[in-house]
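Student: Pasting input.csv below, which is CSV, C-alpha atoms.
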```
chain,number,residue,atom,x,y,z
A,1,MET,CA,-18.2,-14.3,-34.6
A,2,LYS,CA,-15.0,-16.1,-35.5
A,3,ILE,CA,-11.9,-14.0,-36.0
A,4,GLN,CA,-8.2,-14.7,-36.4
A,5,LYS,CA,-6.6,-16.2,-33.3
A,6,ILE,CA,-5.1,-13.4,-31.3
A,7,LYS,CA,-3.3,-14.3,-28.1
A,8,ILE,CA,-4.4,-12.3,-25.1
A,9,LEU,CA,-2.9,-12.2,-21.6
A,10,LEU,CA,-5.4,-11.2,-18.9
A,11,ILE,CA,-4.0,-10.1,-15.5
A,12,ASP,CA,-6.3,-9.5,-12.6
A,13,ASP,CA,-6.5,-10.8,-9.0
A,14,GLU,CA,-10.2,-11.4,-9.4
A,15,GLU,CA,-10.0,-15.0,-10.6
A,16,GLU,CA,-13.7,-15.4,-11.3
A,17,PHE,CA,-13.7,-12.2,-13.3
A,18,ILE,CA,-10.8,-13.1,-15.7
A,19,SER,CA,-11.8,-16.7,-16.1
A,20,THR,CA,-15.3,-15.6,-17.3
A,21,LEU,CA,-13.9,-12.8,-19.4
A,22,ALA,CA,-11.5,-15.3,-21.0
A,23,GLU,CA,-14.3,-17.7,-21.8
A,24,ARG,CA,-16.3,-14.9,-23.4
A,25,LEU,CA,-13.3,-13.8,-25.5
A,26,GLU,CA,-12.6,-17.4,-26.5
A,27,LEU,CA,-16.1,-17.8,-27.7
A,28,ARG,CA,-15.3,-14.9,-30.0
A,29,GLY,CA,-12.2,-16.7,-31.4
A,30,TYR,CA,-9.5,-15.2,-29.2
A,31,LEU,CA,-6.9,-17.3,-27.4
A,32,CYS,CA,-6.6,-16.3,-23.7
A,33,LYS,CA,-4.2,-17.0,-20.9
A,34,THR,CA,-4.7,-15.7,-17.4
A,35,ALA,CA,-2.6,-14.6,-14.5
A,36,VAL,CA,-3.9,-13.7,-11.0
A,37,ASP,CA,-1.1,-11.4,-10.0
A,38,GLY,CA,1.4,-9.0,-11.5
A,39,GLN,CA,4.4,-11.2,-10.9
A,40,SER,CA,3.0,-14.2,-12.7
A,41,GLY,CA,1.8,-11.9,-15.5
A,42,ILE,CA,5.3,-10.5,-16.0
A,43,GLN,CA,6.8,-14.1,-16.0
A,44,MET,CA,4.3,-15.2,-18.7
A,45,VAL,CA,5.2,-12.2,-20.8
A,46,ALA,CA,8.9,-13.0,-20.4
A,47,ASN,CA,8.3,-16.7,-21.4
A,48,GLU,CA,5.9,-16.5,-24.3
A,49,PRO,CA,4.7,-14.1,-26.9
A,50,PHE,CA,1.3,-12.4,-26.6
A,51,ASP,CA,-0.5,-10.0,-29.0
A,52,ILE,CA,-2.0,-7.9,-26.3
A,53,ALA,CA,-2.3,-7.8,-22.5
A,54,ILE,CA,-5.3,-6.6,-20.4
A,55,LEU,CA,-4.2,-5.6,-17.0
A,56,ASP,CA,-6.1,-4.6,-13.8
A,57,LEU,CA,-4.6,-1.6,-12.0
A,58,MET,CA,-5.7,-2.5,-8.5
A,59,MET,CA,-4.0,-5.7,-7.4
A,60,PRO,CA,-2.5,-6.8,-4.1
A,61,GLY,CA,1.3,-7.2,-4.1
A,62,LEU,CA,2.8,-5.8,-7.3
A,63,ASN,CA,0.2,-3.2,-8.4
A,64,GLY,CA,-1.0,-2.6,-12.0
A,65,LEU,CA,1.3,0.4,-12.7
A,66,ASP,CA,4.4,-1.4,-11.5
A,67,THR,CA,3.4,-4.5,-13.4
A,68,LEU,CA,3.0,-2.3,-16.5
A,69,ARG,CA,6.4,-0.8,-16.1
A,70,GLN,CA,8.0,-4.3,-15.9
A,71,ILE,CA,6.0,-5.6,-18.9
A,72,LYS,CA,7.1,-2.5,-20.9
A,73,LYS,CA,10.7,-3.3,-20.1
A,74,ILE,CA,10.4,-6.8,-21.4
A,75,THR,CA,8.2,-6.2,-24.4
A,76,PRO,CA,8.0,-2.4,-25.1
A,77,ASP,CA,5.7,-3.0,-28.2
A,78,LEU,CA,3.1,-5.2,-26.5
A,79,PRO,CA,-0.1,-3.2,-26.4
A,80,VAL,CA,-1.6,-3.1,-22.9
A,81,ILE,CA,-5.2,-2.1,-22.0
A,82,LEU,CA,-5.7,-1.2,-18.4
A,83,LEU,CA,-8.8,-1.9,-16.3
A,84,THR,CA,-9.7,0.5,-13.6
A,85,GLY,CA,-12.6,1.4,-11.3
A,86,HIS,CA,-14.6,4.6,-11.2
A,87,GLY,CA,-12.7,7.3,-9.4
A,88,SER,CA,-9.3,5.8,-10.5
A,89,THR,CA,-9.1,7.3,-14.0
A,90,LYS,CA,-6.1,9.3,-12.8
A,91,ASP,CA,-4.3,6.0,-12.5
A,92,GLY,CA,-5.5,5.1,-16.0
A,93,MET,CA,-4.0,8.3,-17.4
A,94,GLU,CA,-0.8,7.6,-15.5
A,95,GLY,CA,-0.7,4.2,-17.1
A,96,MET,CA,-1.1,5.7,-20.6
A,97,ARG,CA,1.8,8.0,-19.8
A,98,ILE,CA,3.9,4.9,-19.0
A,99,GLY,CA,2.9,3.3,-22.3
A,100,ALA,CA,-0.5,1.6,-21.9
A,101,PHE,CA,-2.6,1.8,-25.1
A,102,ASP,CA,-5.7,2.9,-23.2
A,103,PHE,CA,-7.9,2.1,-20.2
A,104,LEU,CA,-11.4,0.9,-19.6
A,105,ILE,CA,-13.6,1.2,-16.5
A,106,LYS,CA,-15.0,-1.9,-14.7
A,107,PRO,CA,-17.6,-3.3,-15.0
A,108,LEU,CA,-16.7,-3.8,-18.6
A,109,ASP,CA,-18.7,-3.7,-21.8
A,110,ILE,CA,-17.4,-6.7,-23.9
A,111,TYR,CA,-18.0,-4.9,-27.1
A,112,ALA,CA,-16.1,-1.8,-26.0
A,113,LEU,CA,-13.2,-4.1,-24.9
A,114,ILE,CA,-13.2,-5.9,-28.3
A,115,ASP,CA,-13.2,-2.5,-30.1
A,116,LYS,CA,-10.3,-1.4,-28.0
A,117,ILE,CA,-8.4,-4.6,-28.7
A,118,LYS,CA,-8.9,-4.2,-32.4
A,119,LEU,CA,-7.8,-0.6,-32.3
A,120,ALA,CA,-4.7,-1.5,-30.3
A,121,LEU,CA,-3.9,-4.2,-32.9
A,122,GLY,CA,-4.5,-1.8,-35.8
A,123,GLN,CA,-7.7,-3.5,-36.9
A,124,THR,CA,-11.0,-1.8,-37.7
A,125,PRO,CA,-13.4,-1.8,-34.7
A,126,GLN,CA,-16.9,-3.1,-35.4
A,127,VAL,CA,-20.2,-1.6,-34.2
A,128,LYS,CA,-22.0,-3.8,-31.6
A,129,SER,CA,-23.9,-6.6,-33.5
B,1,MET,CA,-4.8,17.9,9.6
B,2,ASN,CA,-7.6,18.4,12.1
B,3,ASP,CA,-9.6,15.6,13.7
B,4,ARG,CA,-12.6,16.1,11.3
B,5,ASP,CA,-10.4,16.1,8.2
B,6,ASP,CA,-8.6,13.1,9.5
B,7,ALA,CA,-11.8,11.2,10.2
B,8,ALA,CA,-13.1,12.1,6.7
B,9,ALA,CA,-9.9,10.9,5.1
B,10,PHE,CA,-10.2,7.6,7.0
B,11,PHE,CA,-13.9,7.1,6.0
B,12,GLY,CA,-13.0,8.0,2.4
B,13,LYS,CA,-10.3,5.3,2.3
B,14,VAL,CA,-12.4,2.6,3.7
B,15,THR,CA,-15.4,3.5,1.5
B,16,ALA,CA,-13.3,3.8,-1.7
B,17,SER,CA,-11.7,0.4,-1.0
B,18,THR,CA,-15.1,-1.3,-0.3
B,19,THR,CA,-16.8,0.2,-3.3
B,20,HIS,CA,-13.9,-0.8,-5.5
B,21,GLU,CA,-14.4,-4.4,-4.3
B,22,LEU,CA,-18.1,-4.0,-5.0
B,23,GLN,CA,-17.3,-3.0,-8.6
B,24,ASN,CA,-15.4,-6.2,-8.9
B,25,VAL,CA,-18.4,-8.1,-7.6
B,26,LEU,CA,-20.7,-6.4,-10.2
B,27,ALA,CA,-18.1,-7.0,-12.9
B,28,ILE,CA,-18.2,-10.7,-12.2
B,29,ILE,CA,-22.0,-10.8,-12.2
B,30,LYS,CA,-22.1,-8.8,-15.4
B,31,GLU,CA,-19.6,-11.0,-17.2
B,32,ASN,CA,-21.5,-14.2,-16.1
B,33,ALA,CA,-24.8,-12.7,-17.3
B,34,GLY,CA,-23.0,-11.8,-20.6
B,35,LEU,CA,-21.7,-15.3,-20.9
B,36,MET,CA,-25.2,-16.7,-20.6
B,37,GLU,CA,-26.3,-14.3,-23.3
B,38,ASP,CA,-23.4,-15.5,-25.5
B,39,PHE,CA,-24.6,-19.1,-25.0
B,40,ILE,CA,-28.2,-18.2,-26.1
B,41,GLN,CA,-26.8,-16.4,-29.2
B,42,MET,CA,-24.8,-19.5,-30.1
B,43,GLY,CA,-27.8,-21.7,-29.8
B,44,PRO,CA,-28.2,-24.9,-27.7
B,45,GLU,CA,-27.4,-27.1,-30.8
B,46,ASN,CA,-23.8,-25.8,-30.7
B,47,LEU,CA,-23.4,-26.3,-27.0
B,48,PRO,CA,-24.1,-29.9,-25.9
B,49,ASP,CA,-23.0,-29.0,-22.3
B,50,LEU,CA,-25.3,-25.9,-22.2
B,51,LEU,CA,-27.0,-26.8,-18.9
B,52,GLU,CA,-23.8,-27.4,-17.1
B,53,ARG,CA,-22.3,-24.1,-18.4
B,54,VAL,CA,-25.4,-22.1,-17.4
B,55,THR,CA,-25.5,-23.8,-14.0
B,56,ARG,CA,-21.9,-22.8,-13.5
B,57,CYS,CA,-22.7,-19.1,-14.4
B,58,LEU,CA,-25.7,-19.0,-12.1
B,59,GLY,CA,-23.6,-20.5,-9.3
B,60,LYS,CA,-21.0,-17.7,-9.7
B,61,ILE,CA,-23.7,-15.0,-9.8
B,62,LYS,CA,-25.2,-16.4,-6.6
B,63,GLU,CA,-21.8,-16.5,-4.9
B,64,GLN,CA,-21.0,-13.0,-5.9
B,65,SER,CA,-24.4,-11.8,-4.7
B,66,TYR,CA,-23.6,-13.1,-1.2
B,67,ARG,CA,-20.2,-11.4,-1.4
B,68,GLY,CA,-21.9,-8.1,-2.4
B,69,VAL,CA,-24.5,-8.4,0.4
B,70,ASP,CA,-21.7,-8.9,2.9
B,71,LEU,CA,-19.8,-5.8,1.6
B,72,THR,CA,-22.9,-3.6,1.5
B,73,SER,CA,-24.0,-4.7,5.0
B,74,GLY,CA,-20.6,-4.0,6.4
B,75,LEU,CA,-20.4,-0.7,4.7
B,76,ASN,CA,-23.8,0.3,5.9
B,77,GLY,CA,-23.0,-0.6,9.5
B,78,PHE,CA,-19.7,1.3,9.1
B,79,ALA,CA,-21.6,4.4,7.8
B,80,HIS,CA,-24.1,4.3,10.6
B,81,THR,CA,-21.3,4.5,13.2
B,82,THR,CA,-21.4,8.2,12.5
B,83,ASP,CA,-25.0,8.5,13.8
B,84,MET,CA,-24.2,9.1,17.4
B,85,LEU,CA,-21.2,10.4,19.3
B,86,LEU,CA,-21.5,8.0,22.2
B,87,VAL,CA,-22.7,4.4,21.9
B,88,PRO,CA,-21.8,1.0,23.5
B,89,VAL,CA,-19.1,-0.6,21.4
B,90,ASN,CA,-18.4,-4.3,21.2
B,91,ILE,CA,-14.6,-4.2,20.6
B,92,TYR,CA,-14.6,-7.5,18.7
B,93,GLU,CA,-17.5,-6.7,16.4
B,94,ILE,CA,-16.3,-3.3,15.5
B,95,ALA,CA,-12.7,-4.5,14.8
B,96,LYS,CA,-14.1,-7.5,12.8
B,97,ARG,CA,-16.1,-5.1,10.5
B,98,LEU,CA,-13.2,-2.7,10.1
B,99,ILE,CA,-10.8,-5.4,9.2
B,100,PHE,CA,-13.2,-7.0,6.7
B,101,LEU,CA,-13.8,-3.7,5.0
B,102,SER,CA,-10.2,-2.6,5.0
B,103,LYS,CA,-8.7,-6.0,4.0
B,104,ARG,CA,-8.1,-4.8,0.4
B,105,VAL,CA,-6.2,-1.6,1.4
B,106,PHE,CA,-3.7,-3.6,3.4
B,107,LEU,CA,-3.4,-6.4,0.9
B,108,GLN,CA,-2.3,-3.7,-1.5
B,109,GLU,CA,0.6,-3.1,0.8
B,110,GLY,CA,1.2,-6.9,0.8
B,111,ARG,CA,-0.2,-7.4,4.4
B,112,GLN,CA,-2.9,-9.5,5.7
B,113,ILE,CA,-4.7,-8.5,8.9
B,114,VAL,CA,-6.0,-11.5,10.8
B,115,LEU,CA,-8.5,-11.2,13.7
B,116,SER,CA,-8.3,-13.9,16.4
B,117,ASP,CA,-11.6,-15.3,17.6
B,118,CYS,CA,-13.0,-14.0,20.8
B,119,LYS,CA,-15.7,-15.7,22.9
B,120,ASN,CA,-16.2,-13.0,25.5
B,121,PRO,CA,-15.4,-9.6,24.1
B,122,PRO,CA,-15.6,-6.5,26.3
B,123,SER,CA,-17.8,-3.6,25.5
B,124,PHE,CA,-17.5,0.0,26.4
B,125,GLU,CA,-19.3,3.3,25.7
B,126,THR,CA,-17.3,5.5,23.3
B,127,ASP,CA,-17.2,7.5,20.1
B,128,PRO,CA,-17.2,4.7,17.5
B,129,VAL,CA,-15.7,6.9,14.8
B,130,LEU,CA,-12.7,7.9,16.8
B,131,PHE,CA,-12.2,4.3,18.1
B,132,GLN,CA,-12.2,2.9,14.5
B,133,LYS,CA,-9.9,5.7,13.4
B,134,ILE,CA,-7.5,4.8,16.1
B,135,LEU,CA,-7.5,1.1,15.1
B,136,TRP,CA,-7.0,2.1,11.5
B,137,HIS,CA,-4.1,4.4,12.3
B,138,CYS,CA,-2.5,1.7,14.4
B,139,LEU,CA,-2.7,-0.7,11.5
B,140,GLU,CA,-1.3,2.0,9.1
B,141,CYS,CA,1.5,2.7,11.6
B,142,LEU,CA,2.5,-0.9,11.8
B,143,VAL,CA,2.3,-1.4,8.0
B,144,GLY,CA,4.3,1.8,7.6
B,145,ILE,CA,7.3,0.3,9.4
B,146,GLN,CA,9.0,-0.3,6.1
B,147,ASP,CA,11.4,-3.1,6.7
B,148,LEU,CA,8.9,-5.3,8.4
B,149,THR,CA,6.8,-7.4,6.0
B,150,ALA,CA,4.9,-9.7,8.4
B,151,ASP,CA,1.2,-10.0,8.5
B,152,ILE,CA,-0.6,-8.4,11.5
B,153,ARG,CA,-2.7,-10.3,14.1
B,154,VAL,CA,-5.4,-8.5,16.0
B,155,THR,CA,-6.4,-10.0,19.3
B,156,ILE,CA,-9.0,-8.8,21.8
B,157,VAL,CA,-7.6,-8.5,25.3
B,158,ASN,CA,-10.0,-9.4,28.1
B,159,SER,CA,-8.0,-10.5,31.1
B,160,ASP,CA,-6.4,-9.3,34.4
B,161,ALA,CA,-4.0,-7.3,32.2
B,162,GLY,CA,-7.0,-5.2,31.2
B,163,LYS,CA,-9.5,-4.9,28.4
B,164,GLY,CA,-8.7,-3.7,25.0
B,165,ILE,CA,-7.0,-4.9,21.8
B,166,ASP,CA,-3.5,-6.0,20.6
B,167,LEU,CA,-2.3,-5.4,17.1
B,168,CYS,CA,0.9,-7.4,16.6
B,169,PHE,CA,3.2,-8.6,13.8
B,170,GLU,CA,2.7,-12.4,13.2
B,171,ASP,CA,6.4,-13.0,12.8
B,172,LEU,CA,9.1,-10.5,13.5
B,173,ALA,CA,12.8,-10.4,13.9
B,174,LEU,CA,13.8,-7.0,15.3
B,175,ASP,CA,15.4,-5.9,18.5
B,176,ASN,CA,13.2,-4.1,21.1
B,177,ALA,CA,15.1,-0.8,20.8
B,178,SER,CA,14.8,-0.7,17.0
B,179,PHE,CA,11.1,-1.5,17.1
B,180,ASN,CA,10.3,1.2,19.7
B,181,GLN,CA,12.3,3.7,17.8
B,182,LYS,CA,10.5,2.9,14.5
B,183,LEU,CA,7.1,2.9,16.1
B,184,GLN,CA,7.5,6.1,18.1
B,185,GLY,CA,9.3,7.8,15.2
B,186,SER,CA,6.3,7.2,13.0
B,187,ALA,CA,4.4,10.4,12.1
B,188,LYS,CA,1.1,8.8,13.2
B,189,TRP,CA,2.2,7.7,16.7
B,190,ALA,CA,1.6,11.1,18.4
B,191,SER,CA,-1.8,11.5,16.8
B,192,ILE,CA,-2.8,8.0,17.9
B,193,GLN,CA,-1.9,8.8,21.5
B,194,ALA,CA,-3.8,12.1,21.4
B,195,SER,CA,-6.9,10.4,20.0
B,196,CYS,CA,-6.7,7.6,22.6
B,197,LYS,CA,-6.5,10.1,25.4
B,198,ALA,CA,-9.6,11.8,24.1
B,199,ILE,CA,-11.7,8.7,24.6
B,200,ASN,CA,-10.1,7.3,27.7
B,201,LEU,CA,-7.8,4.7,26.1
B,202,THR,CA,-4.1,4.2,26.7
B,203,THR,CA,-1.8,2.9,24.1
B,204,SER,CA,1.7,1.5,24.3
B,205,PRO,CA,4.2,-0.4,22.2
B,206,ILE,CA,4.5,-4.1,22.8
B,207,ASP,CA,8.3,-4.5,22.4
B,208,GLN,CA,8.5,-8.2,23.0
B,209,ALA,CA,7.5,-10.8,20.5
B,210,PRO,CA,4.9,-10.7,19.1
B,211,MET,CA,5.7,-7.0,18.8
B,212,GLY,CA,3.0,-4.5,18.1
B,213,ILE,CA,0.7,-2.0,19.8
B,214,ARG,CA,-1.6,-2.5,22.8
B,215,ILE,CA,-4.7,-0.3,23.3
B,216,LEU,CA,-6.3,-0.6,26.7
B,217,LEU,CA,-9.5,0.9,28.1
B,218,GLU,CA,-9.1,2.9,31.2
B,219,ARG,CA,-11.1,1.3,34.1
B,220,SER,CA,-13.5,4.2,34.3
B,221,ALA,CA,-14.5,3.6,30.6
B,222,LEU,CA,-15.7,0.0,31.1
B,223,THR,CA,-19.4,-0.9,31.0
```
Would you write out, as structure tokens, the structure that this file holds?
Tutor:
Amino acid sequence: MKIQKIKILLIDDEEEFISTLAERLELRGYLCKTAVDGQSGIQMVANEPFDIAILDLMMPGLNGLDTLRQIKKITPDLPVILLTGHGSTKDGMEGMRIGAFDFLIKPLDIYALIDKIKLALGQTPQVKS
Amino acid sequence: MNDRDDAAAFFGKVTASTTHELQNVLAIIKENAGLMEDFIQMGPENLPDLLERVTRCLGKIKEQSYRGVDLTSGLNGFAHTTDMLLVPVNIYEIAKRLIFLSKRVFLQEGRQIVLSDCKNPPSFETDPVLFQKILWHCLECLVGIQDLTADIRVTIVNSDAGKGIDLCFEDLALDNASFNQKLQGSAKWASIQASCKAINLTTSPIDQAPMGIRILLERSALT
């Protein structure tokens, strides 16, 4: 289960969701930090390096697409995976046009997320064990 | 846009927002169930605080189940308002449900909608779909006044002034003339007034602090 420490930033206003997701990713050897709004996420990206960000599109205040634009201004090479709901795939496509690596639909499949993280980081994805 | 399309668009927005929130509820439940699976796969020998961790996951699942029930009950009640064209409507209860369901839509715009408690709310017989659509459009209208970023307080009116509902900015620094101009210049204002007239309501700007919109029932409409 253990893999090299990759640093992930999770941005989502659903605190219970990202704290649990962070715990699951940490059990798999990732290092996670969380932000509960776009503005804090942008600040964290500006203050410390991350290998990848996972960003919810529907957030109060600064929405996901605007947060993505700001992140891309600060760190154009940071891969970003977007999270979206059913019926919002149009926003996911728009996010990819802005520079997101890909998008996933909530509720998530952890194995699909890990595969996507690996692909974004140029690693080989693994089949669900 | 005709009345039917307009009502469909309103129902669509509220439903989309509520089901999006339900997806978040399910996502949290799914992640916590997944986390418990992870614990089992790791084996209790590797997790000395297993019981505490599992209890925490179960607590979150329970909490989210309650949240999901509130959302589905609210959405179900909202959907059933289309059942009949004319029913007795408790203004406080219908506003409470609409504000609960649409909370996320307005939070996206950076606004919180707060409903004041009401001990003796008035009721009247009306078309509940049209009434909710009017409330929704009033909120949209206020939120759409771009340079005002205050939250909005909704208060039931049940006094000598009449019976109805006020939707006002919590904190506002704008002169009366500018507020009236912005409100009445809004694309939705004429449509709000026409809808109000159709169900025996009157609507007017409240141009003194706290500024906003007042909707009153015509005396003949009261039960």
Student: Once you count only C-alpha atoms, what closest atom pair and distance in Å to one decimal does each residue of chain B within 7 Å of chain A have, with rows by chain and rising residue number, as a tab-separated table?
Tutor:
```
residue	atom	partner	partner_atom	distance
B:His20	CA	A:Gly85	CA	6.3
B:Gln23	CA	A:Pro107	CA	6.4
B:Leu26	CA	A:Pro107	CA	6.5
B:Ala27	CA	A:Pro107	CA	4.3
B:Ile28	CA	A:Phe17	CA	4.9
B:Glu31	CA	A:Thr20	CA	6.3
B:Asn32	CA	A:Thr20	CA	6.5
B:Leu35	CA	A:Arg24	CA	6.0
B:Leu107	CA	A:Pro60	CA	5.1
B:Gln108	CA	A:Pro60	CA	4.1
B:Glu109	CA	A:Gly61	CA	6.4
B:Gly110	CA	A:Gly61	CA	4.9
```
Student: Write out as a list of chain:residue names each polymer residue whose atoms come within 6 Å of Leu217 in chain B, counting all atoms listed in the file; drop sequence neighbours fewer than 3 positions from it.
Tutor: B:Lys163, B:Gly164, B:Leu201
Student: Find, counting only C-alpha atoms, the residue in A:Gly38, A:Asp51, A:Arg97, A:Leu9 that gets nearest to Gly64 in chain A.
Tutor: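 Counting only C-alpha atoms, the residue closest to Gly64 in chain A is A:Gly38.
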Student: Which residues, written as a list in words, have at least one atom at most 12 Å from Gln39 in chain A, with all atoms listed in the file counted and residues fewer than 3 positions away on the same chain left out?
Tutor: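 Counting only the stated atoms, we get Ile11, Asp12, Asp13, Ala35, Val36, Ile42, Gln43, Met44, Val45, Ala46, Leu55, Met59, Pro60, Gly61, Leu62, Asn63, Gly64, Asp66, Thr67, Leu68, Arg69, Gln70 and Ile71 of chain A.
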Student: One decimal, in Å: what's the spacing between CA of Asn24 in chain B and CA of Val80 in chain A?
Tutor: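 Atom-to-atom, CA of Asn24 in chain B to CA of Val80 in chain A, that is 19.9 Å.
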Student: Taking (0.9, -5.9, 21.8) in the file's own coordinates, collect the residues within 8 Å, counting all atoms listed in the file, and hand them back as a ChimeraX atom specification.
Tutor: /B:165-168,204-207,210-214
Student: Contacts of Trp189 in chain B at 12 Å or less, counting all atoms listed in the file, minus same-chain residues fewer than 3 places along, as a PDB file with C-alpha atoms, in the coordinates of the input?
Tutor:
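Written file, part.pdb:
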```pdb
ATOM      1  CA  ILE B 134      -7.500   4.800  16.100  1.00  0.00           C
ATOM      2  CA  LEU B 135      -7.500   1.100  15.100  1.00  0.00           C
ATOM      3  CA  TRP B 136      -7.000   2.100  11.500  1.00  0.00           C
ATOM      4  CA  HIS B 137      -4.100   4.400  12.300  1.00  0.00           C
ATOM      5  CA  CYS B 138      -2.500   1.700  14.400  1.00  0.00           C
ATOM      6  CA  LEU B 139      -2.700  -0.700  11.500  1.00  0.00           C
ATOM      7  CA  GLU B 140      -1.300   2.000   9.100  1.00  0.00           C
ATOM      8  CA  CYS B 141       1.500   2.700  11.600  1.00  0.00           C
ATOM      9  CA  LEU B 142       2.500  -0.900  11.800  1.00  0.00           C
ATOM     10  CA  GLY B 144       4.300   1.800   7.600  1.00  0.00           C
ATOM     11  CA  ILE B 145       7.300   0.300   9.400  1.00  0.00           C
ATOM     12  CA  ASN B 180      10.300   1.200  19.700  1.00  0.00           C
ATOM     13  CA  GLN B 181      12.300   3.700  17.800  1.00  0.00           C
ATOM     14  CA  LYS B 182      10.500   2.900  14.500  1.00  0.00           C
ATOM     15  CA  LEU B 183       7.100   2.900  16.100  1.00  0.00           C
ATOM     16  CA  GLN B 184       7.500   6.100  18.100  1.00  0.00           C
ATOM     17  CA  GLY B 185       9.300   7.800  15.200  1.00  0.00           C
ATOM     18  CA  SER B 186       6.300   7.200  13.000  1.00  0.00           C
ATOM     19  CA  ILE B 192      -2.800   8.000  17.900  1.00  0.00           C
ATOM     20  CA  GLN B 193      -1.900   8.800  21.500  1.00  0.00           C
ATOM     21  CA  ALA B 194      -3.800  12.100  21.400  1.00  0.00           C
ATOM     22  CA  SER B 195      -6.900  10.400  20.000  1.00  0.00           C
ATOM     23  CA  CYS B 196      -6.700   7.600  22.600  1.00  0.00           C
ATOM     24  CA  THR B 203      -1.800   2.900  24.100  1.00  0.00           C
ATOM     25  CA  SER B 204       1.700   1.500  24.300  1.00  0.00           C
ATOM     26  CA  PRO B 205       4.200  -0.400  22.200  1.00  0.00           C
ATOM     27  CA  ILE B 213       0.700  -2.000  19.800  1.00  0.00           C
TER      28      ILE B 213
END
```
Student: Could you work out how far CA of Asp102 in chain A lies from CA of Lys116 in chain A, giving the answer in Å with one decimal?
Tutor: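 Rounded to one decimal, the two atoms are 7.9 Å apart.
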Student: Take CA of Met96 in chain A and CA of Ile54 in chain A and report the distance between them in Å, one decimal.
Tutor: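 Computing it gives 13.0 Å between the two atoms.
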Student: Excluding Phe103 in chain A and any residue of its chain fewer than 4 positions from it, enumerate the residues within 7 Å of it, using only C-alpha atoms, and give them as a list in words.
Tutor: Ile81, Leu82, Leu83 and Gly92 of chain A
Student: Could you add whatever atoms are missing so that range 55-67 of chain B carries N, CA and C atoms, then write the result as a compact mmCIF listing (two decimals), keeping the file's coordinate frame?
Tutor:
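The result, stored in selection02.txt:
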```
# COMPACT_ATOMS: atom_id res chain seq x y z
N THR B 55 -25.51 -23.51 -15.45
CA THR B 55 -25.50 -23.80 -14.00
C THR B 55 -24.30 -23.18 -13.34
N ARG B 56 -23.16 -23.32 -14.01
CA ARG B 56 -21.90 -22.80 -13.50
C ARG B 56 -22.00 -21.23 -13.37
N CYS B 57 -22.52 -20.60 -14.41
CA CYS B 57 -22.70 -19.10 -14.40
C CYS B 57 -23.60 -18.69 -13.27
N LEU B 58 -24.72 -19.41 -13.14
CA LEU B 58 -25.70 -19.00 -12.10
C LEU B 58 -25.07 -19.20 -10.70
N GLY B 59 -24.27 -20.24 -10.54
CA GLY B 59 -23.60 -20.50 -9.30
C GLY B 59 -22.66 -19.31 -8.93
N LYS B 60 -21.94 -18.83 -9.94
CA LYS B 60 -21.00 -17.70 -9.70
C LYS B 60 -21.78 -16.43 -9.37
N ILE B 61 -22.90 -16.23 -10.06
CA ILE B 61 -23.70 -15.00 -9.80
C ILE B 61 -24.24 -15.06 -8.36
N LYS B 62 -24.70 -16.23 -7.94
CA LYS B 62 -25.20 -16.40 -6.60
C LYS B 62 -24.11 -16.12 -5.54
N GLU B 63 -22.96 -16.71 -5.79
CA GLU B 63 -21.80 -16.50 -4.90
C GLU B 63 -21.42 -15.07 -4.76
N GLN B 64 -21.37 -14.38 -5.91
CA GLN B 64 -21.00 -13.00 -5.90
C GLN B 64 -22.08 -12.10 -5.24
N SER B 65 -23.34 -12.52 -5.37
CA SER B 65 -24.40 -11.80 -4.70
C SER B 65 -24.23 -11.81 -3.21
N TYR B 66 -23.88 -12.99 -2.69
CA TYR B 66 -23.60 -13.10 -1.20
C TYR B 66 -22.44 -12.21 -0.84
N ARG B 67 -21.40 -12.22 -1.67
CA ARG B 67 -20.20 -11.40 -1.40
C ARG B 67 -20.62 -9.90 -1.37
```
